[in-house]
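Have a look at upload-v1.cif below; it lists mmCIF, C-alpha atoms and all ligand atoms.
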data_structure
#
loop_
_atom_site.group_PDB
_atom_site.id
_atom_site.type_symbol
_atom_site.label_atom_id
_atom_site.label_comp_id
_atom_site.auth_asym_id
_atom_site.auth_seq_id
_atom_site.Cartn_x
_atom_site.Cartn_y
_atom_site.Cartn_z
ATOM 1 C CA MET C 1 11.949 17.162 -6.693
ATOM 2 C CA ALA C 2 13.318 13.866 -5.380
ATOM 3 C CA ASN C 3 11.679 10.572 -6.151
ATOM 4 C CA ALA C 4 10.088 8.524 -3.382
ATOM 5 C CA ILE C 5 10.205 5.435 -5.586
ATOM 6 C CA GLU C 6 12.499 4.615 -8.464
ATOM 7 C CA THR C 7 12.477 1.211 -10.104
ATOM 8 C CA LYS C 8 14.661 0.082 -12.980
ATOM 9 C CA LYS C 9 13.739 -3.070 -14.892
ATOM 10 C CA LEU C 10 12.320 -4.533 -11.703
ATOM 11 C CA THR C 11 11.619 -8.201 -12.331
ATOM 12 C CA LYS C 12 10.229 -10.928 -10.105
ATOM 13 C CA VAL C 13 10.026 -14.492 -11.297
ATOM 14 C CA PHE C 14 8.094 -17.311 -9.621
ATOM 15 C CA GLY C 15 9.090 -20.558 -11.326
ATOM 16 C CA ASP C 16 8.509 -19.872 -15.021
ATOM 17 C CA ARG C 17 6.058 -17.025 -14.369
ATOM 18 C CA LYS C 18 7.096 -13.394 -14.458
ATOM 19 C CA ALA C 19 5.039 -11.602 -11.822
ATOM 20 C CA LEU C 20 6.975 -8.397 -12.606
ATOM 21 C CA ASP C 21 8.624 -7.922 -15.967
ATOM 22 C CA LYS C 22 11.120 -5.037 -16.252
ATOM 23 C CA VAL C 23 9.007 -2.482 -14.424
ATOM 24 C CA SER C 24 10.652 0.965 -14.571
ATOM 25 C CA ILE C 25 8.808 3.804 -12.887
ATOM 26 C CA GLU C 26 9.610 6.981 -10.973
ATOM 27 C CA VAL C 27 7.207 8.301 -8.372
ATOM 28 C CA PRO C 28 7.961 11.789 -7.042
ATOM 29 C CA GLU C 29 7.816 12.558 -3.329
ATOM 30 C CA GLY C 30 4.341 13.590 -2.254
ATOM 31 C CA ALA C 31 2.641 11.767 -5.128
ATOM 32 C CA PHE C 32 -0.310 9.421 -4.775
ATOM 33 C CA LEU C 33 0.148 6.481 -7.110
ATOM 34 C CA SER C 34 -2.817 4.253 -7.855
ATOM 35 C CA ILE C 35 -1.972 0.850 -9.323
ATOM 36 C CA PHE C 36 -4.611 -0.855 -11.469
ATOM 37 C CA GLY C 37 -4.720 -4.121 -13.354
ATOM 38 C CA PRO C 38 -6.471 -7.477 -13.595
ATOM 39 C CA ASN C 39 -6.075 -10.330 -11.121
ATOM 40 C CA GLY C 40 -2.557 -11.675 -11.300
ATOM 41 C CA ALA C 41 -1.155 -8.536 -12.964
ATOM 42 C CA GLY C 42 1.616 -8.199 -10.384
ATOM 43 C CA LYS C 43 0.167 -5.356 -8.305
ATOM 44 C CA THR C 44 0.665 -7.025 -4.927
ATOM 45 C CA THR C 45 4.053 -8.361 -5.995
ATOM 46 C CA LEU C 46 5.155 -4.825 -6.853
ATOM 47 C CA VAL C 47 3.995 -3.495 -3.485
ATOM 48 C CA ARG C 48 5.558 -6.415 -1.596
ATOM 49 C CA THR C 49 8.856 -5.938 -3.425
ATOM 50 C CA LEU C 50 8.937 -2.199 -2.729
ATOM 51 C CA ALA C 51 7.973 -2.833 0.893
ATOM 52 C CA THR C 52 10.903 -5.319 1.190
ATOM 53 C CA LEU C 53 8.641 -8.297 1.905
ATOM 54 C CA SER C 54 9.756 -9.933 -1.327
ATOM 55 C CA ARG C 55 13.148 -9.776 -3.099
ATOM 56 C CA ALA C 56 13.287 -8.867 -6.747
ATOM 57 C CA THR C 57 14.843 -11.442 -9.062
ATOM 58 C CA SER C 58 16.592 -8.678 -11.008
ATOM 59 C CA GLY C 59 16.477 -4.944 -11.517
ATOM 60 C CA THR C 60 16.555 -2.332 -8.770
ATOM 61 C CA ALA C 61 14.122 -0.467 -6.544
ATOM 62 C CA LEU C 62 14.915 2.637 -4.549
ATOM 63 C CA VAL C 63 12.380 3.468 -1.855
ATOM 64 C CA ALA C 64 12.727 6.713 0.116
ATOM 65 C CA GLY C 65 16.253 6.873 -1.305
ATOM 66 C CA PHE C 66 17.330 3.387 -0.150
ATOM 67 C CA ASP C 67 17.878 0.253 -2.196
ATOM 68 C CA ALA C 68 15.196 -2.283 -1.272
ATOM 69 C CA LYS C 69 17.592 -5.190 -1.728
ATOM 70 C CA GLU C 70 20.747 -3.696 -0.229
ATOM 71 C CA GLU C 71 19.254 -1.748 2.689
ATOM 72 C CA PRO C 72 15.854 -3.239 3.491
ATOM 73 C CA ASP C 73 16.053 -2.141 7.152
ATOM 74 C CA LYS C 74 16.511 1.474 6.106
ATOM 75 C CA VAL C 75 13.556 1.190 3.744
ATOM 76 C CA ARG C 76 11.406 -0.293 6.525
ATOM 77 C CA GLU C 77 12.148 2.665 8.795
ATOM 78 C CA HIS C 78 10.537 4.945 6.241
ATOM 79 C CA ILE C 79 7.497 3.000 5.118
ATOM 80 C CA GLY C 80 4.135 1.794 6.360
ATOM 81 C CA LEU C 81 2.104 -1.025 4.822
ATOM 82 C CA ILE C 82 -1.624 -1.619 4.979
ATOM 83 C CA SER C 83 -2.664 -4.842 3.276
ATOM 84 C CA HIS C 84 -5.147 -7.709 3.501
ATOM 85 C CA ASN C 85 -2.941 -9.200 6.174
ATOM 86 C CA PRO C 86 -3.460 -6.939 9.183
ATOM 87 C CA MET C 87 -0.156 -8.061 10.752
ATOM 88 C CA LEU C 88 -1.678 -7.961 14.211
ATOM 89 C CA TYR C 89 -1.640 -10.504 17.035
ATOM 90 C CA PRO C 90 -5.222 -11.746 17.481
ATOM 91 C CA ASP C 91 -4.732 -12.717 21.132
ATOM 92 C CA LEU C 92 -3.333 -9.355 22.172
ATOM 93 C CA THR C 93 -5.480 -6.295 22.844
ATOM 94 C CA ALA C 94 -5.509 -3.308 20.501
ATOM 95 C CA MET C 95 -3.348 -1.422 22.980
ATOM 96 C CA GLU C 96 -0.879 -4.311 23.415
ATOM 97 C CA ASN C 97 -0.547 -4.713 19.672
ATOM 98 C CA LEU C 98 0.273 -1.064 19.137
ATOM 99 C CA MET C 99 2.587 -0.904 22.160
ATOM 100 C CA PHE C 100 4.464 -3.860 20.690
ATOM 101 C CA THR C 101 4.834 -2.058 17.355
ATOM 102 C CA ALA C 102 5.872 1.130 19.152
ATOM 103 C CA GLN C 103 8.632 -0.797 20.928
ATOM 104 C CA LEU C 104 9.800 -2.293 17.628
ATOM 105 C CA TYR C 105 10.234 1.199 16.251
ATOM 106 C CA GLY C 106 11.692 2.581 19.490
ATOM 107 C CA VAL C 107 8.969 5.234 19.748
ATOM 108 C CA VAL C 108 9.493 7.663 22.629
ATOM 109 C CA ASN C 109 6.356 8.427 24.684
ATOM 110 C CA ALA C 110 4.967 5.196 23.246
ATOM 111 C CA GLU C 111 1.743 5.186 25.287
ATOM 112 C CA GLU C 112 0.876 8.717 24.237
ATOM 113 C CA ARG C 113 1.518 7.917 20.568
ATOM 114 C CA VAL C 114 -0.523 4.700 20.792
ATOM 115 C CA ARG C 115 -3.506 6.499 22.336
ATOM 116 C CA GLU C 116 -3.263 9.255 19.711
ATOM 117 C CA LEU C 117 -3.359 6.661 16.907
ATOM 118 C CA LEU C 118 -6.207 4.751 18.578
ATOM 119 C CA ARG C 119 -8.214 7.959 18.763
ATOM 120 C CA ALA C 120 -7.418 8.776 15.131
ATOM 121 C CA VAL C 121 -8.942 5.485 13.970
ATOM 122 C CA GLU C 122 -11.772 5.727 16.537
ATOM 123 C CA LEU C 123 -10.831 2.616 18.454
ATOM 124 C CA ASP C 124 -9.717 4.088 21.750
ATOM 125 C CA HIS C 125 -12.855 2.787 23.473
ATOM 126 C CA ARG C 126 -11.938 -0.766 22.421
ATOM 127 C CA ARG C 127 -8.284 -0.572 23.405
ATOM 128 C CA PHE C 128 -8.516 -3.284 26.064
ATOM 129 C CA ASP C 129 -10.293 -5.779 23.790
ATOM 130 C CA VAL C 130 -8.350 -8.551 22.090
ATOM 131 C CA VAL C 131 -8.134 -8.208 18.318
ATOM 132 C CA ARG C 132 -9.700 -11.644 17.812
ATOM 133 C CA THR C 133 -13.033 -10.115 18.886
ATOM 134 C CA PHE C 134 -12.850 -7.248 16.364
ATOM 135 C CA SER C 135 -14.862 -7.087 13.155
ATOM 136 C CA ARG C 136 -12.932 -7.046 9.901
ATOM 137 C CA GLY C 137 -13.319 -3.315 9.474
ATOM 138 C CA MET C 138 -12.181 -2.643 13.025
ATOM 139 C CA THR C 139 -9.168 -4.890 12.499
ATOM 140 C CA GLN C 140 -8.408 -2.946 9.336
ATOM 141 C CA ARG C 141 -8.616 0.348 11.213
ATOM 142 C CA LEU C 142 -6.217 -0.963 13.833
ATOM 143 C CA SER C 143 -3.826 -2.104 11.116
ATOM 144 C CA ILE C 144 -3.928 1.445 9.744
ATOM 145 C CA ALA C 145 -2.931 2.764 13.165
ATOM 146 C CA ARG C 146 -0.136 0.186 13.315
ATOM 147 C CA ALA C 147 1.149 1.155 9.856
ATOM 148 C CA LEU C 148 1.339 4.825 10.841
ATOM 149 C CA MET C 149 3.327 4.214 14.031
ATOM 150 C CA ASN C 150 6.704 5.206 12.569
ATOM 151 C CA ASP C 151 5.293 8.291 10.858
ATOM 152 C CA PRO C 152 6.181 6.824 7.439
ATOM 153 C CA ASP C 153 7.269 8.866 4.420
ATOM 154 C CA VAL C 154 5.890 6.265 2.029
ATOM 155 C CA VAL C 155 2.626 4.455 2.733
ATOM 156 C CA PHE C 156 1.658 1.326 0.795
ATOM 157 C CA LEU C 157 -2.012 0.458 0.616
ATOM 158 C CA ASP C 158 -2.981 -2.884 -0.883
ATOM 159 C CA GLU C 159 -6.722 -2.688 -1.521
ATOM 160 C CA PRO C 160 -7.290 -0.750 1.693
ATOM 161 C CA TYR C 161 -11.047 -0.450 1.214
ATOM 162 C CA ALA C 162 -11.643 -4.193 1.254
ATOM 163 C CA GLY C 163 -13.947 -5.017 4.158
ATOM 164 C CA LEU C 164 -14.549 -1.430 5.290
ATOM 165 C CA ASP C 165 -18.064 -0.134 5.904
ATOM 166 C CA PRO C 166 -18.940 3.373 4.623
ATOM 167 C CA HIS C 167 -18.132 4.950 8.003
ATOM 168 C CA ALA C 168 -14.754 3.224 8.105
ATOM 169 C CA VAL C 169 -14.141 4.359 4.516
ATOM 170 C CA GLU C 170 -14.837 7.930 5.655
ATOM 171 C CA ILE C 171 -12.444 7.606 8.576
ATOM 172 C CA PHE C 172 -9.880 6.110 6.258
ATOM 173 C CA ASP C 173 -10.247 8.841 3.618
ATOM 174 C CA GLY C 174 -10.051 11.487 6.343
ATOM 175 C CA LEU C 175 -6.870 9.933 7.721
ATOM 176 C CA ILE C 176 -5.305 9.811 4.276
ATOM 177 C CA GLU C 177 -6.278 13.432 3.695
ATOM 178 C CA GLN C 178 -4.620 14.475 6.962
ATOM 179 C CA LEU C 179 -1.527 12.502 6.091
ATOM 180 C CA ARG C 180 -1.183 13.545 2.460
ATOM 181 C CA ASP C 181 1.093 16.498 3.132
ATOM 182 C CA GLY C 182 4.558 15.587 1.898
ATOM 183 C CA ARG C 183 4.016 11.845 2.121
ATOM 184 C CA THR C 184 3.884 9.459 -0.779
ATOM 185 C CA PHE C 185 1.094 6.920 -1.178
ATOM 186 C CA ILE C 186 1.166 3.802 -3.308
ATOM 187 C CA MET C 187 -2.247 2.172 -3.521
ATOM 188 C CA VAL C 188 -3.471 -0.976 -5.248
ATOM 189 C CA SER C 189 -7.082 -0.535 -6.237
ATOM 190 C CA HIS C 190 -9.781 -2.444 -8.091
ATOM 191 C CA ASP C 191 -12.080 0.574 -7.904
ATOM 192 C CA LEU C 192 -11.193 2.592 -10.993
ATOM 193 C CA GLN C 193 -13.200 5.696 -10.119
ATOM 194 C CA LYS C 194 -12.053 5.936 -6.508
ATOM 195 C CA GLY C 195 -8.466 5.015 -7.304
ATOM 196 C CA PHE C 196 -8.377 7.596 -10.069
ATOM 197 C CA ASP C 197 -10.037 10.336 -8.014
ATOM 198 C CA VAL C 198 -7.468 10.192 -5.210
ATOM 199 C CA CYS C 199 -4.337 9.706 -7.315
ATOM 200 C CA THR C 200 -1.780 12.054 -8.803
ATOM 201 C CA HIS C 201 -0.236 9.245 -10.904
ATOM 202 C CA ALA C 202 -1.834 6.133 -12.382
ATOM 203 C CA LEU C 203 -0.135 2.865 -13.263
ATOM 204 C CA VAL C 204 -1.793 0.030 -15.171
ATOM 205 C CA LEU C 205 -0.086 -3.349 -14.985
ATOM 206 C CA ALA C 206 -0.902 -6.495 -16.932
ATOM 207 C CA ARG C 207 1.082 -9.744 -16.863
ATOM 208 C CA GLY C 208 3.760 -8.010 -14.831
ATOM 209 C CA ARG C 209 4.319 -5.294 -17.413
ATOM 210 C CA VAL C 210 3.637 -1.572 -17.421
ATOM 211 C CA VAL C 211 0.735 -0.967 -19.796
ATOM 212 C CA SER C 212 0.442 2.694 -18.930
ATOM 213 C CA TYR C 213 2.055 5.035 -16.423
ATOM 214 C CA ALA C 214 1.447 8.772 -16.326
ATOM 215 C CA PRO C 215 0.677 11.729 -14.098
ATOM 216 C CA LYS C 216 -3.069 12.274 -13.825
ATOM 217 C CA GLU C 217 -2.940 15.648 -15.560
ATOM 218 C CA ASP C 218 -1.700 13.869 -18.695
ATOM 219 C CA ILE C 219 -4.536 11.343 -18.658
ATOM 220 C CA ASP C 220 -7.908 11.644 -20.322
ATOM 221 C CA PHE C 221 -10.228 9.743 -17.980
ATOM 222 C CA GLU C 222 -12.480 8.370 -20.722
ATOM 223 C CA GLN C 223 -9.502 6.973 -22.633
ATOM 224 C CA PHE C 224 -8.104 5.658 -19.394
ATOM 225 C CA ARG C 225 -11.386 3.963 -18.569
ATOM 226 C CA GLN C 226 -11.336 2.328 -22.019
ATOM 227 C CA LEU C 227 -7.754 1.153 -21.545
ATOM 228 C CA TYR C 228 -8.644 -0.208 -18.133
ATOM 229 C CA ARG C 229 -11.672 -2.019 -19.532
ATOM 230 C CA GLU C 230 -9.563 -3.623 -22.267
ATOM 231 C CA THR C 231 -6.803 -4.501 -19.827
ATOM 232 C CA VAL C 232 -8.960 -5.828 -17.072
ATOM 233 C CA GLY C 233 -11.434 -7.286 -19.523
ATOM 234 C CA MET C 234 -14.363 -7.149 -17.156
ATOM 235 C CA GLY C 235 -16.112 -3.887 -17.966
ATOM 236 C CA VAL C 236 -16.392 -0.895 -15.710
ATOM 237 C CA ALA C 237 -19.639 0.271 -14.201
HETATM 238 N N1 LIG C 301 4.377 -16.656 -3.732
HETATM 239 C C1 LIG C 301 4.083 -16.900 -5.025
HETATM 240 N N2 LIG C 301 4.418 -18.049 -5.610
HETATM 241 C C2 LIG C 301 4.156 -18.295 -6.907
HETATM 242 N N3 LIG C 301 3.523 -17.415 -7.714
HETATM 243 C C3 LIG C 301 3.146 -16.249 -7.177
HETATM 244 C C4 LIG C 301 3.398 -15.919 -5.813
HETATM 245 N N4 LIG C 301 2.904 -14.684 -5.582
HETATM 246 C C5 LIG C 301 2.364 -14.255 -6.734
HETATM 247 N N5 LIG C 301 2.511 -15.185 -7.699
HETATM 248 C C6 LIG C 301 2.079 -15.066 -9.094
HETATM 249 O O1 LIG C 301 2.516 -13.829 -9.596
HETATM 250 C C7 LIG C 301 1.510 -13.234 -10.402
HETATM 251 C C8 LIG C 301 1.154 -11.860 -9.865
HETATM 252 O O2 LIG C 301 0.481 -12.011 -8.625
HETATM 253 P P1 LIG C 301 0.022 -10.748 -7.742
HETATM 254 O O3 LIG C 301 -0.532 -11.281 -6.470
HETATM 255 O O4 LIG C 301 1.129 -9.791 -7.691
HETATM 256 O O5 LIG C 301 -1.158 -10.177 -8.659
HETATM 257 P P2 LIG C 301 -2.192 -8.993 -8.353
HETATM 258 O O6 LIG C 301 -2.126 -8.068 -9.513
HETATM 259 O O7 LIG C 301 -1.946 -8.417 -7.013
HETATM 260 O O8 LIG C 301 -3.564 -9.793 -8.393
HETATM 261 P P3 LIG C 301 -4.971 -9.621 -7.601
HETATM 262 O O9 LIG C 301 -5.683 -8.486 -8.262
HETATM 263 O O10 LIG C 301 -5.628 -10.925 -7.881
HETATM 264 O O11 LIG C 301 -4.676 -9.401 -6.159
HETATM 265 C C9 LIG C 301 0.336 -14.215 -10.432
HETATM 266 O O12 LIG C 301 0.443 -14.991 -11.605
HETATM 267 C C10 LIG C 301 0.567 -15.066 -9.214
HETATM 268 O O13 LIG C 301 0.066 -16.369 -9.413
#
Kindly present the structure from the file in structure tokens form.
Amino acid sequence: MANAIETKKLTKVFGDRKALDKVSIEVPEGAFLSIFGPNGAGKTTLVRTLATLSRATSGTALVAGFDAKEEPDKVREHIGLISHNPMLYPDLTAMENLMFTAQLYGVVNAEERVRELLRAVELDHRRFDVVRTFSRGMTQRLSIARALMNDPDVVFLDEPYAGLDPHAVEIFDGLIEQLRDGRTFIMVSHDLQKGFDVCTHALVLARGRVVSYAPKEDIDFEQFRQLYRETVGMGVA
């Protein structure tokens, strides 16, 4: 099976700090990778580098078969990103925001696709409201719709549950479930249990380095929980 993600000695340096230090991982197509690690471990930097928002200092990253440094536009065609930054225009309505994204991606039947996505995240009834008036969870839901516009092969989720109420979490989990088929998910999570439950592969980073990376079937959860506790150093409920 082909790999959705392949990194070789991926390194990102900020000043004299290595945010990523020779990270080499392979994530097969259709996998769900959960990334764990303490604050400052390099989780967001890894996602941003793979999503072509940040350029690696050295090493390589292939995403959906394209080199993130050499062909970032090709990578972008195949990915969606859901992060803390909703990447929405607060003064535009939900509908206008998604129509704008649809135009960026050259979506045919844009209005139909936008309404379909709005219904999927249960925001169709608020489509004419400007995003500025949305709650955080609603904004997050809209950013999910935006990230799915191009029907991405690889979806990056940087702490997607932050700010979601239980109903929004349900909608989100349902959406992910619907989308799982064939797609690859890369999720940063601080929730060990949830992140572990949904994943097929688990990566633990600390100080930019890979502490542990394995398919879930090769992981004993209790040992993993112990490793996580030692790595994160804050105990796990
Ligand atoms: N733009 C930047 N400029 C300078 N240093 C940065 C920048 N972005 C990240 N870093 C540094 O790189 C390291 C990794 O940061 P990153 O945000 O990737 O960590 P993280 O694992 O996502 O942390 P958290 O769990 O707190 O979100 C940190 O030491 C951080 O200070």
Open item on the list: Please list as a VMD selection string every residue within 9 Å of Leu117 of chain C, counting all atoms listed in the file and excluding residues in the same chain fewer than 5 positions away.
Closed with: chain C and resid 98 112 122 to 124 142 144 to 146 148 to 149
May I have the residues from that selection written out with C-alpha atoms, as a PDB file, in the frame of the given file?
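File produced: selection23.pdb:
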ATOM      1  CA  LEU C  98       0.273  -1.064  19.137  1.00  0.00           C
ATOM      2  CA  GLU C 112       0.876   8.717  24.237  1.00  0.00           C
ATOM      3  CA  GLU C 122     -11.772   5.727  16.537  1.00  0.00           C
ATOM      4  CA  LEU C 123     -10.831   2.616  18.454  1.00  0.00           C
ATOM      5  CA  ASP C 124      -9.717   4.088  21.750  1.00  0.00           C
ATOM      6  CA  LEU C 142      -6.217  -0.963  13.833  1.00  0.00           C
ATOM      7  CA  ILE C 144      -3.928   1.445   9.744  1.00  0.00           C
ATOM      8  CA  ALA C 145      -2.931   2.764  13.165  1.00  0.00           C
ATOM      9  CA  ARG C 146      -0.136   0.186  13.315  1.00  0.00           C
ATOM     10  CA  LEU C 148       1.339   4.825  10.841  1.00  0.00           C
ATOM     11  CA  MET C 149       3.327   4.214  14.031  1.00  0.00           C
TER      12      MET C 149
END
- [ ] Go through C:Gly208, C:Pro90, C:Gly137, C:Pro28 one by one, measure the shortest atom-to-atom distance of each to Val121 of chain C using all atoms listed in the file, and give the residue with the smallest value.
- [x] C:Gly137
Open item on the list: Counting all atoms listed in the file, which residue out of C:Leu20, C:Ile82, C:Ala94, C:Leu50 sits closest to ligand LIG 301 (chain C)?
Closed with: C:Leu20
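For the file shown, the residue list from the PyMOL selection byres (((not hetatm)) within 8 of (chain C and resi 301)) reads Val13, Phe14, Gly15, Arg17, Lys18, Ala19, Leu20, Phe36, Gly37, Pro38, Asn39, Gly40, Ala41, Gly42, Lys43, Thr44, Thr45, Leu46, Val188, His190, Leu205, Ala206, Arg207 and Gly208 of chain C.
Selection result for the displayed file, with the PyMOL selection byres (((chain C and resi 26) around 6) and not hetatm) as criterion, is Ile5, Glu6, Ile25 and Val27 of chain C.
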TODO: Pull out every residue that the PyMOL selection byres (((chain C and resi 69) around 9) and not hetatm) matches in the shown coordinates and put them as number ranges by chain.
DONE: C: 49, 52, 55-56, 60-62, 66-68, 70-72
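Close contacts of Arg113 of chain C, defined as residues with an atom at most 12 Å away when counting all atoms listed in the file, with chain neighbours fewer than 5 positions off set aside, comprise Met95, Leu98, Met99, Thr101, Ala102, Gln103, Tyr105, Gly106, Val107, Val108, Leu118, Arg119, Ala120, Asp124, Ala145, Arg146, Leu148, Met149, Asn150 and Asp151 of chain C.
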TODO: Go through C:Ala214, C:Ala4, C:Leu104, C:Leu175 one by one, measure the shortest atom-to-atom distance of each to Ala31 of chain C using only C-alpha atoms, and give the residue with the smallest value.
DONE: C:Ala4
Task: From C:Glu111, C:Glu29, C:Asp129, C:Asp165, residue lying nearest Gly182 of chain C [only C-alpha atoms] - done: C:Glu29
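Between atom CA of Thr200 of chain C and atom CA of Met87 of chain C the interatomic distance comes to 28.1 Å.
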- [ ] Excluding segment 157-159 of chain C and any residue of its chain fewer than 2 positions from it, enumerate the residues within 10 Å of it, using only C-alpha atoms, and give them as a PyMOL selection string.
- [x] chain C and resi 34-35+43-44+47-48+80-85+144+147+154-155+161-163+185-191+195
Task: Atomic separation - atom CA of Val198 of chain C relative to atom CA of Phe172 of chain C, Å - done: 12.4 Å
Box centre and edge lengths (Å, one decimal), axis-aligned, segment 105-109 of chain C plus 8 Å each side, as AutoDock Vina command-line options:
--center_x 9.0 --center_y 4.8 --center_z 20.5 --size_x 21.3 --size_y 23.2 --size_z 24.4
Open item on the list: Applying 9 Å and only C-alpha atoms, which residues near Arg136 of chain C remain after dropping the ones on its own chain fewer than 4 positions away? List them as a ChimeraX atom specification.
Closed with: /C:140-141,163-164
Open item on the list: I'd like the interatomic distance between atom CA of Phe221 of chain C and atom CA of Phe196 of chain C, to a tenth of an Å.
Closed with: 8.4 Å
Task: Within 8 Å of Ser212 of chain C using only C-alpha atoms, minus same-chain residues under 3 positions, as number ranges by chain - done: C: 202-205
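Distance check against Arg209 of chain C using only C-alpha atoms: of C:Ser58, C:Thr11, C:Gln193, C:Ser135, the minimum falls on C:Thr11.
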